[in-house]
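**Student:** Take this structure first; my questions come after.
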Amino acid sequence: MITRSNLAEQLREYQIRSKHDWASVSFFSSTSNFSSSRVDVVVFVIWELVILAFFVFSAVSLYFKRLQLAFILVCVTLLLLICMKVTKQVRLARKKKRRMLLPLSM
């Protein structure tokens, strides 16, 4: 028989199992720390490395006086940054929606 205390205990165990305390991984993150899976962290680190590479390539192209190429690289970098922000918001919304589907009442 399911009781309220058993349900609360199961929810507590689920939250303990699913929670990962990470330090602030994302330089572009709006929060200082966030709970996410290791896959999310790896994906965002890869995105940030790609964005950093585009910034470096645009600086090098400015050094060689290729203004058009530098402008294109900066635009692509900003587009990637916006995509990363949108992807993060979508994942967090999906995770929040999934948590709301847990059976909290009898």
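Ordering of the structure tokens sets the chain letters (A, B, ...), residue numbers begin anew at 1 in every chain, and ligands are numbered from 1 in the order given.
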Report as a list in words all protein, DNA and RNA residues lying within 12 Å of Ala53 of chain A, evaluated on only C-alpha atoms, omitting residues in the same chain fewer than 3 positions from it.

**Tutor:**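 Once the adjacent positions are removed, what remains is Ile46, Trp47, Glu48, Leu49, Val50, Val56, Phe57, Ser58, Ala59, Val60, Leu73, Val74, Val76, Thr77 and Leu80 of chain A.
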
**Student:** Could you tell me, as number ranges by chain, which residues of segment 29-96 of chain A DSSP assigns to helix (DSSP H, G or I) when given the backbone?

**Tutor:** A: 38-63, 67-96

**Student:** Kindly indicate which residue among A:Cys83, A:Leu7, A:Val41, A:Ile72 lies nearest to Phe54 of chain A, using only C-alpha atoms for the distances.

**Tutor:**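 For Phe54 of chain A, the nearest of the given residues is A:Ile72.
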
**Student:** Between A:Phe55, A:Asn6, A:Phe44, A:Arg38, which residue has the minimum interatomic distance to Lys85 of chain A, considering only C-alpha atoms?

**Tutor:** A:Phe44

**Student:** Which is closest to Leu101 of chain A among A:Met84, A:Leu11, A:Ile2, A:Val42, if we use only C-alpha atoms?

**Tutor:**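 Looking at the shortest contact to Leu101 of chain A, the residue is A:Leu11.
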